[in-house]
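Source file: protein_3.csv; contents: CSV, C-alpha atoms and all ligand atoms.
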```
chain,number,residue,atom,x,y,z
A,1,MET,CA,-21.7,110.0,-164.1
A,2,ALA,CA,-20.4,106.6,-165.0
A,3,GLU,CA,-16.8,106.1,-166.4
A,4,GLU,CA,-16.5,106.4,-170.2
A,5,ARG,CA,-17.1,103.2,-172.2
A,6,ARG,CA,-16.3,102.9,-175.8
A,7,LEU,CA,-18.6,101.7,-178.6
A,8,PRO,CA,-17.7,100.9,-182.3
A,9,ASN,CA,-18.4,103.9,-184.6
A,10,ALA,CA,-20.7,101.7,-186.7
A,11,ALA,CA,-23.0,101.1,-183.8
A,12,LEU,CA,-23.6,104.9,-183.2
A,13,ARG,CA,-23.8,105.6,-186.9
A,14,THR,CA,-26.4,102.9,-187.3
A,15,LEU,CA,-28.5,104.4,-184.5
A,16,PHE,CA,-28.4,107.8,-186.2
A,17,LEU,CA,-29.4,106.3,-189.6
A,18,ALA,CA,-32.3,104.5,-187.9
A,19,ILE,CA,-33.4,107.7,-186.2
A,20,GLU,CA,-33.3,109.4,-189.6
A,21,GLU,CA,-35.4,106.7,-191.2
A,22,VAL,CA,-38.0,106.9,-188.5
A,23,MET,CA,-38.0,110.6,-187.7
A,24,GLY,CA,-36.7,112.2,-190.9
A,25,ALA,CA,-33.7,114.6,-191.4
A,26,ASN,CA,-35.3,117.5,-189.4
A,27,GLY,CA,-36.4,115.2,-186.6
A,28,THR,CA,-32.9,113.8,-186.4
A,29,ARG,CA,-31.4,117.3,-186.1
A,30,ALA,CA,-33.8,118.1,-183.3
A,31,VAL,CA,-32.8,114.9,-181.5
A,32,LEU,CA,-29.1,115.6,-181.9
A,33,LYS,CA,-29.6,119.2,-180.6
A,34,ALA,CA,-31.7,118.0,-177.7
A,35,GLY,CA,-29.1,115.4,-176.8
A,36,GLY,CA,-26.1,117.8,-176.8
A,37,LEU,CA,-24.9,115.9,-179.9
A,38,GLU,CA,-24.7,118.9,-182.3
A,39,ARG,CA,-21.2,117.9,-183.4
A,40,PHE,CA,-22.8,114.9,-185.2
A,41,ILE,CA,-25.2,117.0,-187.4
A,42,ASP,CA,-24.3,116.1,-191.0
A,43,ASN,CA,-21.2,114.4,-189.5
A,44,TYR,CA,-22.1,110.8,-188.4
A,45,PRO,CA,-19.4,108.5,-187.2
A,46,PRO,CA,-17.7,106.5,-190.0
A,47,ASN,CA,-18.9,103.0,-190.9
A,48,ASN,CA,-16.2,101.1,-189.2
A,49,THR,CA,-15.7,99.1,-186.0
A,50,ALA,CA,-13.0,101.3,-184.3
A,51,LEU,CA,-13.9,101.9,-180.7
A,52,GLU,CA,-14.1,105.7,-181.0
A,53,SER,CA,-17.7,106.3,-180.1
A,54,THR,CA,-19.2,106.1,-176.6
A,55,PHE,CA,-22.1,104.5,-174.7
A,56,ALA,CA,-22.8,108.0,-173.3
A,57,ASP,CA,-23.5,109.4,-176.8
A,58,TYR,CA,-25.7,106.5,-177.7
A,59,GLY,CA,-27.6,106.9,-174.5
A,60,ALA,CA,-27.9,110.7,-175.0
A,61,ALA,CA,-29.6,110.1,-178.4
A,62,GLU,CA,-32.1,107.7,-176.9
A,63,GLN,CA,-32.8,110.0,-174.0
A,64,ALA,CA,-33.3,113.0,-176.4
A,65,VAL,CA,-36.1,111.0,-178.3
A,66,GLU,CA,-37.7,110.4,-174.9
A,67,ASP,CA,-37.3,114.0,-173.8
A,68,LEU,CA,-38.9,115.2,-177.1
A,69,TYR,CA,-41.9,112.8,-177.1
A,70,GLY,CA,-42.4,112.1,-173.4
A,71,SER,CA,-41.6,108.7,-171.9
A,72,ARG,CA,-44.9,107.1,-173.0
A,73,GLY,CA,-45.0,108.7,-176.5
A,74,ALA,CA,-41.4,107.8,-177.1
A,75,ARG,CA,-41.8,104.0,-176.6
A,76,ALA,CA,-43.2,103.1,-179.9
A,77,ILE,CA,-40.8,105.4,-181.7
A,78,LEU,CA,-37.7,104.0,-179.9
A,79,MET,CA,-38.9,100.4,-180.7
A,80,ARG,CA,-39.3,101.3,-184.4
A,81,ILE,CA,-35.8,102.8,-184.3
A,82,GLY,CA,-34.6,99.5,-182.8
A,83,ARG,CA,-36.3,97.5,-185.5
A,84,VAL,CA,-34.6,99.6,-188.2
A,85,THR,CA,-31.3,99.3,-186.4
A,86,PHE,CA,-31.4,95.6,-186.7
A,87,GLN,CA,-32.3,95.8,-190.4
A,88,TYR,CA,-29.4,98.2,-191.1
A,89,THR,CA,-27.0,96.1,-189.2
A,90,LEU,CA,-28.0,93.0,-191.2
A,91,ARG,CA,-27.6,95.0,-194.4
A,92,GLU,CA,-24.5,97.1,-193.7
A,93,GLN,CA,-22.5,94.9,-191.3
A,94,PRO,CA,-23.6,91.4,-192.1
A,95,ALA,CA,-20.3,90.0,-190.8
A,96,ILE,CA,-21.1,91.3,-187.3
A,97,LEU,CA,-24.1,89.1,-186.8
A,98,GLY,CA,-22.8,86.3,-189.0
A,99,LEU,CA,-26.3,85.7,-190.2
A,100,ALA,CA,-25.8,86.0,-193.9
A,101,GLY,CA,-26.4,82.7,-195.7
A,102,LEU,CA,-27.3,81.0,-192.4
A,103,ALA,CA,-29.5,78.0,-193.2
A,104,ILE,CA,-32.1,78.2,-190.6
A,105,LYS,CA,-35.3,77.8,-192.6
A,106,ALA,CA,-35.5,74.1,-192.0
A,107,LEU,CA,-35.1,74.3,-188.2
A,108,PRO,CA,-38.0,74.4,-185.6
A,109,MET,CA,-39.0,77.9,-184.4
A,110,GLY,CA,-37.3,77.6,-180.9
A,111,MET,CA,-34.0,76.5,-182.5
A,112,ARG,CA,-34.1,79.5,-184.9
A,113,MET,CA,-34.8,81.9,-182.1
A,114,LYS,CA,-31.9,80.4,-180.0
A,115,LEU,CA,-29.5,80.5,-182.9
A,116,VAL,CA,-30.1,84.1,-183.8
A,117,LEU,CA,-30.1,85.2,-180.1
A,118,GLU,CA,-26.8,83.4,-179.7
A,119,ARG,CA,-25.4,85.4,-182.6
A,120,VAL,CA,-26.7,88.6,-181.2
A,121,THR,CA,-25.1,87.8,-177.8
A,122,LYS,CA,-21.8,87.0,-179.4
A,123,ALA,CA,-21.9,90.2,-181.4
A,124,ALA,CA,-22.6,92.2,-178.3
A,125,ASN,CA,-19.6,90.7,-176.5
A,126,GLU,CA,-17.1,90.6,-179.3
A,127,ASP,CA,-18.0,93.6,-181.5
A,128,VAL,CA,-20.1,96.0,-179.5
A,129,ASN,CA,-18.0,96.0,-176.2
A,130,GLN,CA,-21.2,95.1,-174.4
A,131,PRO,CA,-21.0,92.1,-172.0
A,132,ALA,CA,-24.1,89.9,-172.6
A,133,GLN,CA,-25.4,86.5,-171.8
A,134,LEU,CA,-28.2,84.4,-173.0
A,135,ARG,CA,-30.3,82.3,-170.6
A,136,GLU,CA,-32.9,79.8,-171.6
A,137,GLU,CA,-35.9,78.7,-169.5
A,138,PRO,CA,-38.7,76.4,-170.6
A,139,ASP,CA,-41.0,79.2,-171.6
A,140,ALA,CA,-38.6,82.0,-172.5
A,141,PHE,CA,-35.1,83.2,-173.4
A,142,TYR,CA,-33.5,85.9,-171.3
A,143,PHE,CA,-31.0,88.3,-172.9
A,144,VAL,CA,-28.9,89.8,-170.1
A,145,VAL,CA,-26.7,92.8,-170.7
A,146,GLY,CA,-24.2,94.0,-168.1
A,147,GLU,CA,-23.3,97.4,-169.7
A,148,CYS,CA,-25.8,99.5,-171.4
A,149,PRO,CA,-26.0,103.1,-172.7
A,150,CYS,CA,-28.8,103.6,-170.2
A,151,ARG,CA,-26.2,103.7,-167.4
A,152,TRP,CA,-25.3,107.2,-168.9
A,153,ARG,CA,-29.0,108.3,-168.9
A,154,PRO,CA,-30.9,109.8,-166.0
A,155,PRO,CA,-32.4,107.3,-163.5
A,156,HIS,CA,-35.8,105.9,-164.7
A,157,THR,CA,-38.8,104.6,-162.7
A,158,SER,CA,-39.3,101.8,-165.2
A,159,PRO,CA,-37.2,100.1,-167.8
A,160,ALA,CA,-36.0,102.5,-170.5
A,161,CYS,CA,-34.2,100.5,-173.2
A,162,PHE,CA,-36.9,100.3,-175.9
A,163,VAL,CA,-34.4,100.5,-178.8
A,164,THR,CA,-33.0,97.1,-177.7
A,165,VAL,CA,-36.5,95.8,-177.3
A,166,GLY,CA,-37.1,96.8,-181.0
A,167,VAL,CA,-33.8,95.2,-182.1
A,168,LEU,CA,-34.8,91.9,-180.4
A,169,GLN,CA,-38.3,92.1,-181.9
A,170,GLU,CA,-36.9,92.5,-185.4
A,171,ALA,CA,-34.3,89.8,-184.9
A,172,MET,CA,-37.0,87.4,-183.8
A,173,HIS,CA,-39.2,88.4,-186.7
A,174,TRP,CA,-36.3,87.8,-189.1
A,175,ALA,CA,-35.7,84.4,-187.5
A,176,THR,CA,-39.3,83.2,-187.5
A,177,GLY,CA,-41.6,85.5,-189.4
A,178,LYS,CA,-43.6,86.0,-186.2
A,179,ASN,CA,-43.9,88.7,-183.6
A,180,PHE,CA,-43.1,88.3,-179.9
A,181,ARG,CA,-44.1,90.3,-176.9
A,182,ILE,CA,-40.6,91.1,-175.7
A,183,GLU,CA,-40.2,93.0,-172.5
A,184,GLU,CA,-37.3,94.5,-170.6
A,185,VAL,CA,-37.9,93.1,-167.1
A,186,ALA,CA,-35.0,94.7,-165.3
A,187,CYS,CA,-33.0,97.8,-166.3
A,188,ILE,CA,-29.7,99.4,-165.1
A,189,SER,CA,-31.4,102.9,-165.4
A,190,ASN,CA,-34.0,101.6,-163.0
A,191,GLY,CA,-31.4,100.4,-160.4
A,192,ALA,CA,-30.8,96.8,-161.6
A,193,ALA,CA,-27.4,95.3,-162.0
A,194,ALA,CA,-28.1,94.4,-165.6
A,195,CYS,CA,-30.7,95.1,-168.4
A,196,VAL,CA,-32.7,91.9,-168.8
A,197,TYR,CA,-35.0,91.2,-171.7
A,198,ARG,CA,-37.5,88.4,-171.7
A,199,ILE,CA,-38.2,86.8,-175.1
A,200,PRO,CA,-41.2,84.5,-174.8
A,201,LYS,CA,-41.0,81.3,-176.9
A,202,GLN,CA,-44.7,81.7,-177.8
A,203,PRO,CA,-45.4,84.3,-180.5
A,204,VAL,CA,-48.2,86.8,-180.4
A,205,GLU,CA,-51.4,85.3,-182.0
A,301,ZN,ZN,-32.1,99.0,-169.7
```
What does this structure look like when you write it as structure tokens?
Amino acid sequence: MAEERRLPNAALRTLFLAIEEVMGANGTRAVLKAGGLERFIDNYPPNNTALESTFADYGAAEQAVEDLYGSRGARAILMRIGRVTFQYTLREQPAILGLAGLAIKALPMGMRMKLVLERVTKAANEDVNQPAQLREEPDAFYFVVGECPCRWRPPHTSPACFVTVGVLQEAMHWATGKNFRIEEVACISNGAAACVYRIPKQPVE
């Protein structure tokens, strides 16, 4: 098992609230039980940025959704949870992303995407204790994450971080009003050194 890594309380709380919105109160209880997270039933972490939660607990909740629905069935659910996670973060912790009041409407689509991805990268590094980088190539952006809750999940045969895929999908939809086929192309749980997400510059038709 990897060494403990701390996460802000608000990040784990937001994940639980997103699970609740997607799966309901009973579904959430089932997830918390399956993940060995019973201590959080009706007792979510507080809405603050103290580093008192852990990557392991975040990963255990994601893994529990996968265990309950199977790896194929869980994908769409985890992505929905990710989309809601972004919406909640925008609403509850707008300062984290620094997106409130950002005047991006007049910018071209690629610039909007880049600006929002830069904010997400900065928030990961400075607020979520998650080393991250953004790389740009002519046809796509790459969001590269060096520490991920999936390090504390069992090994996977293919990338597992569908919550983050959903977060990025919703962030890009917020930025542009369009949908993008975002893919995790390398994953720590799959033996890679980092989780790498490809965000194509061209939206889905
Ligand atoms: Zn991953």
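As for atom CA of A:Asn26 and atom CA of A:Val163, they are spaced 20.1 Å apart.
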**Message:** So, with only C-alpha atoms as the atoms that count, which of A:Lys33, A:Leu134, A:Gln63, A:Glu170 lies closest to A:Lys122?
**Reply:**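 Using only C-alpha atoms, A:Lys122 sits closest to A:Leu134.
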**Selection: 7 Å around A:Pro46, only C-alpha atoms, excl. self and same-chain fewer than 2 positions, as number ranges by chain** = A: 9-10, 13, 44, 48
**Prompt:** For A:Met23, which residue among A:Ile104, A:Leu78, A:Asp42, A:Gly35 is the nearest when counting all atoms listed in the file?
**Reply:** A:Leu78
**Message:** Let me make sure I understand: among A:Lys105, A:Arg181, A:Glu62, A:Asn129, which one has the smallest atom-to-atom distance to ligand ZN 301 (chain A) if we use all atoms listed in the file?
**Reply:**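 That would be A:Glu62, the residue with the smallest distance to ligand ZN 301 (chain A).
Where the distance criterion is 9 Å and the atoms used are only C-alpha atoms and all ligand atoms, the residues close to ligand ZN 301 (chain A) are Val145, Glu147, Cys148, Pro149, Cys150, Arg151, Ser158, Pro159, Ala160, Cys161, Phe162, Thr164, Glu184, Val185, Ala186, Cys187, Ile188, Ser189, Asn190, Ala192, Ala194, Cys195, Val196 and Tyr197 of chain A.
The spacing separating atom CA of A:Val116 from atom CA of A:Pro131 amounts to 16.9 Å.
Rounded to one decimal, atom CA of A:Ala11 and atom CA of A:Arg39 lie 16.9 Å from each other.
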**Asked** Using all atoms listed in the file, which of A:Leu7, A:Ser53, A:Leu117, A:Glu66 sits nearest A:Pro154?
**Response** A:Glu66
**Request:** Tell me, as a ChimeraX atom specification, which residues lie within 10 Å of A:Leu37, counting only C-alpha atoms; anything in the same chain fewer than 2 positions away does not count.
**Result:** /A:29-35,39-41,57-58,60-61,64
**Message:** Report as a list in words all protein, DNA and RNA residues lying within 8 Å of A:Met113, evaluated on all atoms listed in the file, omitting residues in the same chain fewer than 4 positions from it.
**Reply:**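 The residues satisfying every condition are Met109, Leu117, Met172, Ala175 and Thr176 of chain A.
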**Asked** Which residue, A:Val84, A:Gly98, A:Gly70, A:Phe55, has the smallest gap to A:Phe16 when you use only C-alpha atoms?
**Response**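 Counting only C-alpha atoms, the residue closest to A:Phe16 is A:Val84.
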**Request:** Considering all atoms listed in the file, state which residue in the set A:Ala2, A:Ala132, A:Leu68, A:Ile19 is at the smallest distance from A:Arg80.
**Result:**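 When distances to A:Arg80 are compared using all atoms listed in the file, the smallest one comes from A:Ile19.
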**Request:** Would you mind listing what lies within 8 Å of A:Glu183 as a list in words, with only C-alpha atoms counted and same-chain residues fewer than 3 positions away left out?
**Result:**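 Residues near the query, excluding close chain neighbours: Val165, Tyr197, Arg198 and Ile199 of chain A.
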Go ahead and save the residues from that selection, with C-alpha atoms, as a tab-separated table (two decimals), in the frame of the given file.
```
chain	number	residue	atom	x	y	z
A	165	VAL	CA	-36.50	95.80	-177.30
A	197	TYR	CA	-35.00	91.20	-171.70
A	198	ARG	CA	-37.50	88.40	-171.70
A	199	ILE	CA	-38.20	86.80	-175.10
```
**Message:** Which residues are close to A:Glu137, i.e. within 12 Å by all atoms listed in the file, leaving aside same-chain residues fewer than 3 positions away? Reply as a PyMOL selection string.
**Reply:** chain A and resi 110+114+134+140-143+198-201
File for stretch 70-97 of chain A (N, CA, C and O atoms), as a CSV table (one decimal), in the first residue's frame:
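Heads up, here's the output in out_6.csv:
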```
chain,number,residue,atom,x,y,z
A,70,GLY,N,-19.6,-3.1,-11.4
A,70,GLY,CA,-18.7,-3.8,-12.4
A,70,GLY,C,-18.0,-2.7,-13.1
A,70,GLY,O,-18.4,-1.6,-13.2
A,71,SER,N,-16.8,-3.0,-13.7
A,71,SER,CA,-15.9,-2.0,-14.2
A,71,SER,C,-16.6,-1.3,-15.4
A,71,SER,O,-16.4,-0.1,-15.6
A,72,ARG,N,-17.3,-2.1,-16.3
A,72,ARG,CA,-17.9,-1.5,-17.4
A,72,ARG,C,-19.1,-0.6,-17.0
A,72,ARG,O,-19.3,0.5,-17.4
A,73,GLY,N,-20.0,-1.2,-16.1
A,73,GLY,CA,-21.2,-0.5,-15.7
A,73,GLY,C,-20.9,0.8,-14.9
A,73,GLY,O,-21.7,1.7,-14.9
A,74,ALA,N,-19.8,0.8,-14.2
A,74,ALA,CA,-19.5,1.9,-13.3
A,74,ALA,C,-19.0,3.1,-14.1
A,74,ALA,O,-19.0,4.2,-13.6
A,75,ARG,N,-18.5,2.9,-15.3
A,75,ARG,CA,-17.8,4.0,-16.0
A,75,ARG,C,-18.7,5.2,-16.2
A,75,ARG,O,-18.4,6.4,-15.8
A,76,ALA,N,-20.0,5.0,-16.7
A,76,ALA,CA,-20.9,6.2,-16.9
A,76,ALA,C,-21.3,6.8,-15.6
A,76,ALA,O,-21.4,8.0,-15.5
A,77,ILE,N,-21.4,6.0,-14.6
A,77,ILE,CA,-21.8,6.5,-13.3
A,77,ILE,C,-20.7,7.4,-12.7
A,77,ILE,O,-20.9,8.5,-12.2
A,78,LEU,N,-19.4,6.9,-12.8
A,78,LEU,CA,-18.3,7.6,-12.3
A,78,LEU,C,-18.1,8.9,-13.0
A,78,LEU,O,-17.8,9.9,-12.4
A,79,MET,N,-18.3,8.9,-14.3
A,79,MET,CA,-18.2,10.1,-15.1
A,79,MET,C,-19.3,11.1,-14.7
A,79,MET,O,-19.0,12.3,-14.6
A,80,ARG,N,-20.5,10.6,-14.5
A,80,ARG,CA,-21.6,11.6,-14.0
A,80,ARG,C,-21.2,12.2,-12.6
A,80,ARG,O,-21.4,13.3,-12.4
A,81,ILE,N,-20.6,11.3,-11.8
A,81,ILE,CA,-20.2,11.8,-10.5
A,81,ILE,C,-19.1,12.9,-10.6
A,81,ILE,O,-19.1,13.9,-10.0
A,82,GLY,N,-18.2,12.7,-11.6
A,82,GLY,CA,-17.2,13.7,-11.9
A,82,GLY,C,-17.8,15.0,-12.4
A,82,GLY,O,-17.4,16.1,-12.0
A,83,ARG,N,-18.8,14.9,-13.3
A,83,ARG,CA,-19.4,16.1,-13.8
A,83,ARG,C,-20.1,16.9,-12.6
A,83,ARG,O,-19.9,18.1,-12.6
A,84,VAL,N,-20.8,16.2,-11.8
A,84,VAL,CA,-21.4,16.8,-10.6
A,84,VAL,C,-20.3,17.4,-9.7
A,84,VAL,O,-20.5,18.5,-9.1
A,85,THR,N,-19.2,16.7,-9.5
A,85,THR,CA,-18.1,17.2,-8.7
A,85,THR,C,-17.7,18.6,-9.2
A,85,THR,O,-17.4,19.5,-8.3
A,86,PHE,N,-17.5,18.7,-10.5
A,86,PHE,CA,-17.1,20.0,-11.0
A,86,PHE,C,-18.1,21.1,-10.7
A,86,PHE,O,-17.8,22.2,-10.3
A,87,GLN,N,-19.4,20.8,-10.9
A,87,GLN,CA,-20.5,21.7,-10.7
A,87,GLN,C,-20.5,22.2,-9.2
A,87,GLN,O,-20.6,23.3,-8.9
A,88,TYR,N,-20.4,21.2,-8.3
A,88,TYR,CA,-20.4,21.5,-6.9
A,88,TYR,C,-19.2,22.4,-6.5
A,88,TYR,O,-19.3,23.3,-5.7
A,89,THR,N,-18.0,22.0,-7.0
A,89,THR,CA,-16.8,22.8,-6.7
A,89,THR,C,-17.0,24.3,-7.2
A,89,THR,O,-16.6,25.2,-6.5
A,90,LEU,N,-17.5,24.4,-8.4
A,90,LEU,CA,-17.8,25.7,-8.9
A,90,LEU,C,-18.7,26.5,-8.0
A,90,LEU,O,-18.6,27.7,-7.8
A,91,ARG,N,-19.7,25.8,-7.5
A,91,ARG,CA,-20.8,26.5,-6.7
A,91,ARG,C,-20.3,26.7,-5.2
A,91,ARG,O,-20.5,27.8,-4.7
A,92,GLU,N,-19.7,25.7,-4.6
A,92,GLU,CA,-19.4,25.7,-3.2
A,92,GLU,C,-18.0,26.3,-2.9
A,92,GLU,O,-17.8,26.9,-1.8
A,93,GLN,N,-17.0,26.1,-3.8
A,93,GLN,CA,-15.7,26.6,-3.6
A,93,GLN,C,-15.2,27.4,-4.8
A,93,GLN,O,-14.1,27.1,-5.3
A,94,PRO,N,-15.9,28.4,-5.2
A,94,PRO,CA,-15.5,29.1,-6.4
A,94,PRO,C,-14.1,29.7,-6.3
A,94,PRO,O,-13.4,29.8,-7.4
A,95,ALA,N,-13.6,30.0,-5.1
A,95,ALA,CA,-12.3,30.6,-5.0
A,95,ALA,C,-11.2,29.6,-5.5
A,95,ALA,O,-10.2,29.9,-6.0
A,96,ILE,N,-11.5,28.3,-5.2
A,96,ILE,CA,-10.5,27.3,-5.6
A,96,ILE,C,-10.2,27.3,-7.1
A,96,ILE,O,-9.0,27.3,-7.5
A,97,LEU,N,-11.2,27.4,-7.9
A,97,LEU,CA,-10.9,27.4,-9.3
A,97,LEU,C,-10.7,28.8,-9.8
A,97,LEU,O,-10.1,29.0,-10.9
```
